[in-house]
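**Student:** Okay, so here is entry32.txt, and as you'll see once you scroll down, it has compact mmCIF, C-alpha atoms.
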```txt
# COMPACT_ATOMS: atom_id res chain seq x y z
CA MET A 1 62.65 -119.63 83.07
CA ALA A 2 61.70 -117.78 86.15
CA ASP A 3 59.84 -114.58 85.49
CA THR A 4 61.20 -112.72 88.48
CA MET A 5 64.57 -112.28 90.10
CA GLN A 6 65.92 -111.01 93.38
CA PHE A 7 66.50 -107.26 93.39
CA ASP A 8 68.50 -105.68 96.21
CA LEU A 9 69.33 -102.05 96.59
CA VAL A 10 71.79 -101.17 99.33
CA SER A 11 73.48 -97.96 100.33
CA PRO A 12 76.32 -97.84 102.86
CA GLU A 13 73.92 -96.82 105.57
CA ARG A 14 71.04 -99.17 104.99
CA LEU A 15 69.33 -101.78 102.90
CA LEU A 16 66.71 -99.89 100.93
CA THR A 17 64.86 -102.71 99.35
CA SER A 18 65.04 -106.40 98.72
CA VAL A 19 62.20 -107.65 96.54
CA GLN A 20 61.34 -109.84 93.60
CA ALA A 21 61.39 -107.91 90.35
CA GLY A 22 60.63 -108.71 86.76
CA ALA A 23 62.81 -106.01 85.27
CA VAL A 24 65.25 -103.48 86.61
CA GLN A 25 66.36 -100.46 84.71
CA LEU A 26 69.82 -99.25 85.66
CA PRO A 27 71.67 -96.05 84.80
CA GLY A 28 74.86 -97.77 83.68
CA ALA A 29 78.03 -95.79 83.08
CA ASP A 30 77.80 -96.46 79.35
CA GLY A 31 74.08 -95.90 79.09
CA ASN A 32 70.84 -97.12 80.58
CA LEU A 33 70.25 -100.81 80.59
CA THR A 34 67.45 -103.02 81.68
CA ALA A 35 68.14 -106.30 83.36
CA MET A 36 65.60 -109.09 83.24
CA PRO A 37 65.79 -112.62 84.59
CA ASP A 38 68.47 -114.73 82.94
CA HIS A 39 70.54 -111.75 82.02
CA ALA A 40 74.18 -112.52 81.35
CA PRO A 41 76.40 -111.86 84.40
CA LEU A 42 77.49 -108.25 84.34
CA ILE A 43 79.21 -105.82 86.62
CA THR A 44 78.90 -102.16 85.84
CA THR A 45 79.47 -98.78 87.40
CA LEU A 46 76.52 -96.44 87.66
CA ARG A 47 76.15 -92.79 86.85
CA PRO A 48 73.69 -90.57 88.72
CA GLY A 49 70.19 -91.47 87.66
CA LEU A 50 67.08 -93.43 88.38
CA VAL A 51 66.92 -97.10 89.19
CA ARG A 52 63.52 -98.39 88.20
CA ALA A 53 62.34 -101.77 89.37
CA SER A 54 59.08 -103.29 88.26
CA GLY A 55 57.72 -106.53 89.49
CA PRO A 56 54.69 -108.26 90.91
CA GLU A 57 54.65 -105.78 93.79
CA GLY A 58 54.41 -102.81 91.50
CA GLU A 59 56.95 -100.32 90.30
CA ALA A 60 59.48 -98.49 92.44
CA GLU A 61 61.96 -95.81 91.57
CA TYR A 62 65.10 -94.81 93.39
CA VAL A 63 67.52 -91.99 92.89
CA VAL A 64 71.15 -93.06 93.01
CA THR A 65 74.21 -90.86 92.76
CA GLY A 66 76.57 -93.50 91.51
CA GLY A 67 77.86 -96.85 92.62
CA PHE A 68 77.92 -100.34 91.20
CA ALA A 69 75.50 -102.92 89.99
CA GLU A 70 76.00 -106.62 89.81
CA VAL A 71 73.68 -108.51 87.53
CA SER A 72 73.48 -112.26 87.41
CA SER A 73 70.91 -114.59 85.94
CA GLU A 74 68.78 -114.67 89.09
CA SER A 75 69.61 -111.45 90.91
CA VAL A 76 70.43 -107.80 90.57
CA SER A 77 72.20 -106.04 93.39
CA VAL A 78 72.82 -102.36 93.30
CA LEU A 79 75.47 -100.93 95.61
CA ALA A 80 74.66 -97.26 95.53
CA GLU A 81 76.82 -94.58 96.97
CA ARG A 82 73.75 -92.70 98.01
CA ALA A 83 70.21 -93.85 97.28
CA VAL A 84 66.85 -92.26 98.01
CA PRO A 85 63.37 -93.43 97.07
CA ARG A 86 62.10 -91.09 94.40
CA GLU A 87 59.15 -89.91 96.50
CA GLU A 88 61.51 -88.75 99.24
CA MET A 89 63.68 -86.77 96.88
CA THR A 90 63.12 -83.07 97.44
CA GLN A 91 64.20 -80.03 95.51
CA GLU A 92 66.29 -79.01 98.49
CA GLU A 93 68.21 -82.24 98.59
CA PHE A 94 68.70 -82.13 94.86
CA SER A 95 70.12 -78.63 95.06
CA THR A 96 72.64 -79.77 97.69
CA MET A 97 73.73 -82.58 95.42
CA ILE A 98 74.11 -80.19 92.51
CA SER A 99 76.12 -77.71 94.50
CA GLU A 100 78.34 -80.49 95.82
CA ALA A 101 79.02 -81.67 92.30
CA GLN A 102 79.74 -78.11 91.23
CA LYS A 103 82.20 -77.65 94.05
CA LYS A 104 83.88 -80.87 93.13
CA LEU A 105 84.18 -79.72 89.54
CA GLU A 106 85.74 -76.44 90.62
CA LYS A 107 88.18 -78.25 92.85
CA THR A 108 89.16 -80.74 90.18
CA LYS A 109 89.73 -77.89 87.76
CA GLU A 110 92.16 -76.36 90.22
CA VAL A 111 93.99 -79.56 91.03
CA PHE A 112 94.30 -81.00 87.54
CA VAL A 113 95.05 -77.95 85.49
CA ASN A 114 96.42 -79.65 82.40
CA GLU A 115 94.74 -83.00 82.66
CA PRO A 116 91.34 -83.05 81.00
CA GLY A 117 90.47 -86.58 82.24
CA PRO A 118 89.42 -85.95 85.85
CA VAL A 119 87.88 -82.58 84.96
CA ASP A 120 85.75 -84.20 82.29
CA ASP A 121 84.69 -86.87 84.76
CA ALA A 122 83.57 -84.27 87.27
CA ALA A 123 81.79 -82.29 84.57
CA LYS A 124 80.03 -85.44 83.41
CA LEU A 125 78.92 -86.16 86.95
CA LEU A 126 77.38 -82.73 87.16
CA SER A 127 75.64 -82.95 83.81
CA ASP A 128 74.35 -86.43 84.67
CA LEU A 129 72.88 -85.00 87.84
CA VAL A 130 71.27 -82.15 85.92
CA ALA A 131 69.84 -84.59 83.37
CA MET A 132 68.43 -86.70 86.18
CA GLY A 133 66.83 -83.59 87.69
CA ASP A 134 65.22 -82.76 84.35
CA GLU A 135 63.77 -86.21 84.16
CA MET A 136 62.29 -85.84 87.62
CA GLY A 137 61.08 -82.30 87.13
CA LEU A 138 63.53 -80.77 89.57
CA SER A 139 65.41 -77.66 88.60
CA ALA A 140 69.16 -77.54 88.98
CA TYR A 141 69.46 -73.82 89.69
CA MET B 1 87.16 -92.14 163.43
CA PRO B 2 85.00 -90.00 161.14
CA SER B 3 82.27 -88.04 162.84
CA LEU B 4 78.59 -88.64 162.20
CA LYS B 5 78.39 -85.56 160.05
CA ASP B 6 81.35 -86.65 157.89
CA LEU B 7 79.74 -90.01 157.30
CA LYS B 8 76.45 -88.46 156.39
CA ASN B 9 78.13 -86.20 153.86
CA ARG B 10 80.00 -89.07 152.31
CA ILE B 11 76.85 -91.12 151.96
CA GLU B 12 75.13 -88.21 150.27
CA SER B 13 78.02 -87.70 147.85
CA VAL B 14 78.21 -91.37 146.91
CA LYS B 15 74.47 -91.37 146.40
CA SER B 16 74.64 -88.52 143.94
CA THR B 17 77.53 -90.23 142.13
CA ARG B 18 75.39 -93.30 141.85
CA LYS B 19 72.61 -91.25 140.35
CA ILE B 20 74.96 -89.93 137.71
CA THR B 21 76.44 -93.30 136.78
CA LYS B 22 72.98 -94.81 136.66
CA ALA B 23 71.83 -92.07 134.30
CA MET B 24 74.91 -92.54 132.12
CA GLN B 25 74.27 -96.24 131.98
CA MET B 26 70.73 -95.72 130.79
CA VAL B 27 71.78 -93.17 128.20
CA ALA B 28 74.45 -95.55 126.96
CA ALA B 29 71.91 -98.36 126.75
CA ALA B 30 69.63 -96.24 124.58
CA LYS B 31 72.51 -95.10 122.40
CA LEU B 32 73.79 -98.64 122.14
CA ARG B 33 70.55 -99.79 120.66
CA ARG B 34 70.76 -97.11 118.01
CA ALA B 35 74.42 -97.78 117.30
CA GLU B 36 73.79 -101.48 116.98
CA GLU B 37 70.95 -100.84 114.58
CA ALA B 38 73.15 -98.61 112.45
CA ALA B 39 75.85 -101.26 112.36
CA GLU B 40 73.28 -103.86 111.48
CA MET B 41 71.89 -101.79 108.63
CA ALA B 42 75.29 -101.15 107.16
CA ARG B 43 76.17 -104.81 107.09
CA PRO B 44 74.42 -105.83 103.83
CA TYR B 45 76.33 -103.19 101.92
CA SER B 46 79.74 -104.12 103.21
CA GLU B 47 79.08 -107.82 102.69
CA ARG B 48 78.03 -107.34 99.10
CA PHE B 49 80.82 -104.91 98.56
CA ASP B 50 83.40 -107.42 99.72
CA ALA B 51 81.90 -110.09 97.51
CA LEU B 52 82.03 -107.79 94.50
CA MET B 53 85.58 -106.81 95.28
CA ARG B 54 86.62 -110.43 95.52
CA LYS B 55 85.16 -111.19 92.13
CA LEU B 56 86.94 -108.30 90.51
CA ALA B 57 90.20 -108.79 92.31
CA ALA B 58 90.25 -112.40 91.26
CA SER B 59 90.11 -111.44 87.61
CA VAL B 60 92.41 -108.43 87.74
CA GLY B 61 94.63 -109.16 90.72
CA ASP B 62 97.38 -110.94 88.85
CA SER B 63 97.67 -108.65 85.90
CA GLU B 64 100.61 -106.32 85.86
CA ASN B 65 98.72 -103.09 85.79
CA ALA B 66 96.63 -103.84 88.85
CA PRO B 67 95.91 -100.60 90.69
CA ARG B 68 98.28 -99.66 93.46
CA LEU B 69 95.50 -99.68 96.01
CA LEU B 70 95.22 -103.40 95.43
CA ALA B 71 98.76 -104.43 94.60
CA GLY B 72 100.55 -102.00 96.90
CA THR B 73 103.42 -99.71 96.05
CA GLY B 74 105.90 -102.52 95.97
CA SER B 75 107.44 -101.49 99.25
CA ASP B 76 106.33 -101.58 102.85
CA GLN B 77 108.66 -99.06 104.37
CA VAL B 78 106.19 -96.46 105.57
CA HIS B 79 103.19 -97.54 107.59
CA LEU B 80 100.18 -95.44 108.36
CA LEU B 81 98.17 -96.34 111.43
CA VAL B 82 94.67 -94.92 111.68
CA VAL B 83 93.68 -95.21 115.31
CA MET B 84 89.96 -94.79 115.88
CA THR B 85 88.76 -94.23 119.39
CA ALA B 86 85.97 -92.40 121.18
CA GLU B 87 85.67 -88.71 121.89
CA ARG B 88 84.73 -89.33 125.48
CA GLY B 89 86.06 -91.34 128.35
CA LEU B 90 84.24 -93.15 131.14
CA CYS B 91 83.80 -96.25 129.06
CA GLY B 92 85.97 -98.80 130.80
CA GLY B 93 88.94 -100.13 128.92
CA PHE B 94 87.55 -99.26 125.51
CA ASN B 95 89.94 -96.50 124.52
CA ALA B 96 92.87 -97.99 126.41
CA ASN B 97 92.53 -101.34 124.65
CA ILE B 98 92.58 -99.83 121.19
CA ALA B 99 95.50 -97.61 122.12
CA LYS B 100 97.34 -100.59 123.53
CA LEU B 101 96.97 -102.57 120.33
CA ALA B 102 98.08 -99.60 118.26
CA ARG B 103 101.03 -99.01 120.54
CA ALA B 104 102.17 -102.62 120.26
CA GLU B 105 101.95 -102.46 116.48
CA ALA B 106 103.81 -99.16 116.32
CA GLU B 107 106.59 -100.47 118.55
CA LYS B 108 106.86 -103.61 116.47
CA LEU B 109 107.11 -101.68 113.22
CA LYS B 110 109.66 -99.33 114.70
CA ALA B 111 111.75 -102.25 115.90
CA GLU B 112 111.71 -103.57 112.34
CA GLY B 113 113.10 -100.27 111.17
CA LYS B 114 109.93 -99.07 109.43
CA THR B 115 108.66 -95.56 109.43
CA VAL B 116 105.40 -95.13 111.28
CA LYS B 117 102.86 -92.38 110.80
CA ILE B 118 99.73 -92.05 112.85
CA ILE B 119 96.36 -90.49 112.20
CA THR B 120 94.07 -90.39 115.18
CA VAL B 121 90.31 -90.29 115.00
CA GLY B 122 88.75 -89.35 118.30
CA LYS B 123 90.31 -87.38 121.09
CA LYS B 124 90.92 -90.18 123.58
CA GLY B 125 93.23 -92.18 121.40
CA ARG B 126 95.21 -89.07 120.67
CA ASP B 127 95.67 -88.36 124.35
CA ALA B 128 96.69 -91.93 125.07
CA LEU B 129 99.33 -92.08 122.34
CA LYS B 130 100.58 -88.53 122.53
CA ARG B 131 103.32 -89.13 125.06
CA ASP B 132 105.03 -92.01 123.28
CA PHE B 133 104.31 -91.25 119.65
CA GLY B 134 103.41 -87.56 119.61
CA ASP B 135 106.05 -86.86 116.98
CA LEU B 136 104.54 -89.44 114.61
CA PHE B 137 101.12 -87.82 114.45
CA ILE B 138 100.38 -86.42 111.05
CA ASP B 139 96.71 -85.69 111.39
CA HIS B 140 93.77 -85.79 113.72
CA VAL B 141 90.09 -86.11 112.89
CA ASP B 142 87.72 -84.55 115.34
CA PHE B 143 84.36 -86.23 115.72
CA SER B 144 83.20 -84.37 118.79
CA GLU B 145 80.68 -82.41 116.72
CA VAL B 146 79.33 -85.51 115.00
CA LYS B 147 76.41 -87.14 116.74
CA ASN B 148 75.60 -90.00 114.43
CA VAL B 149 78.43 -91.14 112.24
CA GLY B 150 77.32 -91.14 108.62
CA TYR B 151 78.91 -92.44 105.48
CA ASP B 152 79.95 -88.92 104.58
CA ASP B 153 82.09 -88.70 107.70
CA ALA B 154 83.78 -91.96 106.88
CA GLN B 155 84.32 -90.79 103.35
CA ALA B 156 86.00 -87.63 104.56
CA VAL B 157 88.43 -89.70 106.62
CA ALA B 158 89.00 -92.06 103.72
CA GLN B 159 89.60 -89.18 101.33
CA GLY B 160 92.30 -87.83 103.64
CA VAL B 161 93.99 -91.21 103.71
CA LEU B 162 93.71 -91.67 99.94
CA ASP B 163 95.12 -88.22 99.21
CA ARG B 164 98.13 -89.05 101.30
CA PHE B 165 98.51 -92.36 99.54
CA ASP B 166 98.40 -90.69 96.14
CA ALA B 167 101.00 -88.25 97.32
CA GLY B 168 103.19 -91.21 98.19
CA GLU B 169 103.29 -90.51 101.89
CA PHE B 170 102.94 -94.14 102.94
CA ASP B 171 102.88 -97.67 101.59
CA VAL B 172 100.65 -99.59 103.96
CA ALA B 173 97.65 -98.39 105.94
CA LYS B 174 96.02 -100.12 108.86
CA ILE B 175 93.02 -99.16 110.89
CA PHE B 176 92.54 -99.82 114.60
CA PHE B 177 89.09 -100.06 116.08
CA SER B 178 87.05 -102.17 118.40
CA ARG B 179 84.82 -104.84 117.00
CA PHE B 180 81.49 -105.15 118.75
CA GLU B 181 80.85 -108.68 119.83
CA ASN B 182 78.25 -108.10 122.52
CA VAL B 183 77.66 -105.71 125.38
CA VAL B 184 80.41 -107.15 127.53
CA THR B 185 82.90 -108.14 124.84
CA GLN B 186 84.56 -105.71 122.48
CA VAL B 187 87.56 -106.92 120.60
CA PRO B 188 90.25 -104.42 119.66
CA THR B 189 91.01 -105.14 116.04
CA MET B 190 93.61 -104.24 113.46
CA GLN B 191 92.69 -104.31 109.80
CA GLN B 192 94.77 -103.56 106.77
CA ILE B 193 93.02 -101.31 104.27
CA ILE B 194 95.79 -100.37 101.86
CA PRO B 195 96.78 -102.39 99.93
CA ALA B 196 93.33 -103.92 100.02
CA ASP B 197 93.38 -107.17 101.89
CA VAL B 198 91.25 -109.21 99.53
CA ASP B 199 90.94 -112.87 100.08
CA THR B 200 91.13 -114.28 96.58
CA SER B 201 92.05 -117.78 97.57
CA GLU B 202 88.58 -119.28 97.85
CA GLU B 203 87.49 -117.52 94.72
CA ALA B 204 90.45 -118.89 92.85
CA ALA B 205 89.55 -122.37 94.01
CA ALA B 206 85.99 -122.07 92.71
CA PRO B 207 85.87 -119.75 89.73
CA GLY B 208 82.41 -118.23 89.52
CA ALA B 209 80.46 -117.06 86.52
CA PHE B 210 82.33 -115.08 83.92
CA TYR B 211 81.23 -111.54 84.23
CA GLU B 212 80.97 -108.95 81.59
CA PHE B 213 82.29 -105.62 82.68
CA GLU B 214 81.07 -102.21 81.77
CA PRO B 215 83.15 -100.11 81.09
CA ASP B 216 86.00 -102.57 81.84
CA GLU B 217 87.50 -104.36 84.82
CA GLU B 218 90.23 -101.89 85.52
CA THR B 219 88.00 -98.82 85.42
CA ILE B 220 85.53 -100.47 87.74
CA LEU B 221 88.25 -101.57 90.09
CA ALA B 222 89.74 -98.10 90.10
CA GLU B 223 86.38 -96.80 91.30
CA LEU B 224 85.74 -99.67 93.62
CA LEU B 225 88.95 -99.59 95.63
CA PRO B 226 88.71 -96.05 97.04
CA ARG B 227 85.17 -96.84 98.06
CA GLY B 228 86.41 -100.02 99.64
CA VAL B 229 88.60 -97.90 101.88
CA ALA B 230 85.66 -95.69 102.77
CA THR B 231 83.45 -98.68 103.42
CA ALA B 232 86.04 -100.32 105.66
CA ILE B 233 86.41 -97.11 107.63
CA PHE B 234 82.68 -96.64 107.81
CA SER B 235 82.00 -100.08 109.20
CA ALA B 236 84.92 -99.69 111.60
CA LEU B 237 83.41 -96.44 112.84
CA LEU B 238 80.03 -98.05 113.32
CA GLU B 239 81.50 -101.02 115.15
CA ASN B 240 83.44 -98.57 117.25
CA GLY B 241 80.31 -96.60 118.05
CA ALA B 242 78.48 -99.68 119.22
CA SER B 243 81.51 -100.89 121.16
CA GLU B 244 81.93 -97.56 122.88
CA GLN B 245 78.36 -97.52 124.11
CA GLY B 246 78.52 -101.16 125.12
CA ALA B 247 81.72 -100.60 127.05
CA ARG B 248 80.31 -97.51 128.69
CA MET B 249 77.14 -99.30 129.62
CA SER B 250 78.93 -102.13 131.40
CA ALA B 251 81.44 -99.75 132.99
CA MET B 252 78.64 -97.60 134.35
CA ASP B 253 76.72 -100.65 135.46
CA ASN B 254 79.74 -101.68 137.50
CA ALA B 255 80.16 -98.20 138.87
CA THR B 256 76.52 -98.10 139.93
CA ARG B 257 76.85 -101.42 141.68
CA ASN B 258 80.05 -100.36 143.42
CA ALA B 259 78.43 -97.16 144.58
CA GLY B 260 75.54 -99.18 146.00
CA GLU B 261 77.94 -101.41 147.93
CA MET B 262 79.78 -98.41 149.23
CA ILE B 263 76.56 -96.81 150.40
CA ASP B 264 75.62 -99.99 152.30
CA LYS B 265 79.02 -100.11 153.96
CA LEU B 266 78.91 -96.46 154.91
CA THR B 267 75.38 -96.78 156.23
CA ILE B 268 76.41 -99.61 158.54
CA GLU B 269 79.35 -97.58 159.73
CA TYR B 270 77.07 -94.61 160.25
CA ASN B 271 74.62 -96.63 162.32
CA ARG B 272 77.39 -98.13 164.43
CA THR B 273 78.85 -94.76 165.12
CA ARG B 274 75.44 -93.40 166.00
CA GLN B 275 74.90 -96.20 168.48
CA ALA B 276 78.34 -95.71 169.98
CA VAL B 277 77.56 -92.05 170.49
CA ILE B 278 74.25 -92.86 172.20
CA THR B 279 75.89 -95.50 174.42
CA ASN B 280 78.54 -93.01 175.34
CA GLU B 281 76.00 -90.41 176.30
CA LEU B 282 74.05 -92.93 178.41
CA ILE B 283 77.19 -94.00 180.22
CA GLU B 284 77.95 -90.40 180.96
CA ILE B 285 74.45 -89.77 182.34
CA ILE B 286 74.38 -92.96 184.43
CA SER B 287 77.83 -92.49 185.86
CA GLY B 288 76.92 -88.87 186.58
CA ALA B 289 73.79 -90.02 188.46
CA GLU B 290 75.72 -92.66 190.39
CA ALA B 291 78.25 -90.15 191.54
CA LEU B 292 75.56 -88.14 193.34
```
Could you spell out this file's structure in structure tokens?
**Tutor:**
Amino acid sequence: MADTMQFDLVSPERLLTSVQAGAVQLPGADGNLTAMPDHAPLITTLRPGLVRASGPEGEAEYVVTGGFAEVSSESVSVLAERAVPREEMTQEEFSTMISEAQKKLEKTKEVFVNEPGPVDDAAKLLSDLVAMGDEMGLSAY
Amino acid sequence: MPSLKDLKNRIESVKSTRKITKAMQMVAAAKLRRAEEAAEMARPYSERFDALMRKLAASVGDSENAPRLLAGTGSDQVHLLVVMTAERGLCGGFNANIAKLARAEAEKLKAEGKTVKIITVGKKGRDALKRDFGDLFIDHVDFSEVKNVGYDDAQAVAQGVLDRFDAGEFDVAKIFFSRFENVVTQVPTMQQIIPADVDTSEEAAAPGAFYEFEPDEETILAELLPRGVATAIFSALLENGASEQGARMSAMDNATRNAGEMIDKLTIEYNRTRQAVITNELIEIISGAEAL
């Protein structure tokens, strides 16, 4: 059994990283999960959170705002909607994200007055973002 | 016969035109490099995205409750054409070629009795199609304020298209853009984005690993498809950006060369005229002296 696997993180605008990793922690839609080599093939959606990859080249963390992850036995590829290395994440940027999510929530509330589904989704997005900010020590307001 | 002064003025004016085209060429070359880089960087995402989509579509595609973005609305009566062109001209046949392809498609669909709706992205395409299809325009996206096209811009366009789809305004959507092959070749291209044109055939022939899905296939697909539209539009915009600069660069290169040729020609004419004038004056002086 190989002790590392290929880890790729791409956003629509660029390829952020492509390295060998021993374990990758993903913010899956149904909860965090860690993928290690020889993981069963899995496709999942992501919620806003941190992607944490550790491997022979050290540990790296990335902020993603959602997207998809494809896990197979020898690779993990994350297709993030927006991804930023954690070190480059600033309070300012985080605040923009929060206010965007808030706006989206407001808008969804207006559009889907009697349908809780989409409103709940938007609210969850916002609270996921806030939770991620807490974890990183960034304030949401 | 133009006078010496006229010729001199013309040479000066062509020279300054050449300066401008030369400058535009160099600017386009610099922008092209950046645009190409952006297109290059976006490629890994769209490749992986397509692969992921294929895998999912292969497992969901045949089921009855496949999302409408994948399976279509069951009709193909109303077509939406998204024509993406540049905001500026002076780039050779770039805008005209895209408009031509879109026009041909629109005429074809009309001849088949379909309803055509057009969204234009970029001013030039709008101008080119306005006369024939002005009444079919339903929206226009202005990119004149946008310097570097980002994913957010593409997403805004995609959102507009998706909203219309959800409102049942059309059944099939196609995008028109120019694919960047190299500096001298840009291929006007038509691509269907709704319903998603997923090639499941090869996947069906070689079934891959069985994936687990979290939450489940349909939820993932429902999230994936709208992003597929945005991704397709984004890569089309990037290709378009590179194509535009490439086309402008070669157009301006030609213009610079033509201006150079014209200057040479005018200079020869100027010199000839100058000599003729001198000869004339000499003849006048000599014949004047002889007459004495």
**Student:** Quick one, how far is CA of Gln102 in chain A from CA of Met132 in chain A?
**Tutor:** 15.1 Å
**Student:** Give the residues of chain A that lie within 10 Å of chain B; count only C-alpha atoms, and format the answer as JSON, numbers by chain.
**Tutor:** {"A": [8, 9, 10, 11, 12, 13, 14, 15, 16, 28, 29, 30, 31, 40, 41, 42, 43, 44, 45, 46, 67, 68, 69, 70, 71, 72, 73, 77, 78, 79, 80, 81, 82]}
**Student:** Counting only C-alpha atoms, which residues come within 9 Å of (80.0, -98.0, 129.2), with the point read in the file's coordinates, and could you list them as a short mmCIF file (atom, residue, chain, number, x, y, z; two decimals) with C-alpha atoms, in the frame of the given file?
**Tutor:**
```cif
data_model
loop_
_atom_site.label_atom_id
_atom_site.label_comp_id
_atom_site.auth_asym_id
_atom_site.auth_seq_id
_atom_site.Cartn_x
_atom_site.Cartn_y
_atom_site.Cartn_z
CA MET B 24 74.91 -92.54 132.12
CA GLN B 25 74.27 -96.24 131.98
CA ALA B 28 74.45 -95.55 126.96
CA ALA B 29 71.91 -98.36 126.75
CA LEU B 90 84.24 -93.15 131.14
CA CYS B 91 83.80 -96.25 129.06
CA GLY B 92 85.97 -98.80 130.80
CA PHE B 94 87.55 -99.26 125.51
CA VAL B 183 77.66 -105.71 125.38
CA SER B 243 81.51 -100.89 121.16
CA GLU B 244 81.93 -97.56 122.88
CA GLN B 245 78.36 -97.52 124.11
CA GLY B 246 78.52 -101.16 125.12
CA ALA B 247 81.72 -100.60 127.05
CA ARG B 248 80.31 -97.51 128.69
CA MET B 249 77.14 -99.30 129.62
CA SER B 250 78.93 -102.13 131.40
CA ALA B 251 81.44 -99.75 132.99
CA MET B 252 78.64 -97.60 134.35
CA ASP B 253 76.72 -100.65 135.46
#
```
**Student:** Can you work out the spacing between CA of Phe180 in chain B and CA of Asn240 in chain B in Å, to one decimal?
**Tutor:**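 Distance between the two atoms: 7.0 Å.
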**Student:** Quick one: of B:Gly134, B:Pro226, B:Gly160, B:Gly168, who's nearest to Ile193 in chain B, counting only C-alpha atoms?
**Tutor:**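 Ranked by minimum distance to Ile193 in chain B, first place goes to B:Pro226.
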**Student:** List the neighbours of range 3-7 of chain A out to 7 Å using only C-alpha atoms; skip same-chain residues closer than 6 positions along the sequence, and give me the result as a count of residues only.
**Tutor:** 10
**Student:** Any chance you could export range 86-133 of chain A with C-alpha atoms, as a compact mmCIF listing (two decimals), in the first residue's frame?
**Tutor:**
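So selection35.txt came out as:
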```
# COMPACT_ATOMS: atom_id res chain seq x y z
CA ARG A 86 -5.17 29.95 4.44
CA GLU A 87 -2.25 32.35 4.87
CA GLU A 88 -3.66 34.61 2.16
CA MET A 89 -7.10 34.75 3.70
CA THR A 90 -7.69 38.17 5.21
CA GLN A 91 -10.39 39.52 7.44
CA GLU A 92 -11.43 41.82 4.63
CA GLU A 93 -11.93 39.02 2.17
CA PHE A 94 -13.78 37.01 4.74
CA SER A 95 -16.14 39.88 5.43
CA THR A 96 -16.93 40.16 1.72
CA MET A 97 -17.74 36.47 1.62
CA ILE A 98 -19.98 36.80 4.65
CA SER A 99 -21.83 39.77 3.27
CA GLU A 100 -22.29 38.00 -0.06
CA ALA A 101 -23.78 35.01 1.71
CA GLN A 102 -26.03 37.30 3.71
CA LYS A 103 -27.25 39.01 0.58
CA LYS A 104 -27.93 35.67 -0.99
CA LEU A 105 -29.93 34.61 2.04
CA GLU A 106 -32.00 37.78 1.90
CA LYS A 107 -32.65 37.29 -1.78
CA THR A 108 -33.62 33.66 -1.38
CA LYS A 109 -36.00 34.63 1.40
CA GLU A 110 -37.70 37.03 -0.97
CA VAL A 111 -37.87 34.66 -3.91
CA PHE A 112 -38.94 31.51 -2.10
CA VAL A 113 -41.41 32.83 0.41
CA ASN A 114 -43.15 29.59 1.27
CA GLU A 115 -40.44 27.12 0.44
CA PRO A 116 -38.12 26.47 3.35
CA GLY A 117 -35.69 24.32 1.30
CA PRO A 118 -33.66 26.93 -0.58
CA VAL A 119 -33.83 29.37 2.34
CA ASP A 120 -32.43 26.75 4.68
CA ASP A 121 -29.68 26.01 2.19
CA ALA A 122 -28.68 29.65 2.03
CA ALA A 123 -28.83 29.96 5.80
CA LYS A 124 -26.66 26.88 6.16
CA LEU A 125 -24.13 28.34 3.75
CA LEU A 126 -23.92 31.44 5.89
CA SER A 127 -23.59 29.57 9.15
CA ASP A 128 -20.96 27.28 7.61
CA LEU A 129 -19.00 30.35 6.63
CA VAL A 130 -19.31 31.80 10.12
CA ALA A 131 -18.19 28.51 11.65
CA MET A 132 -15.21 28.45 9.34
CA GLY A 133 -14.33 32.00 10.38
```
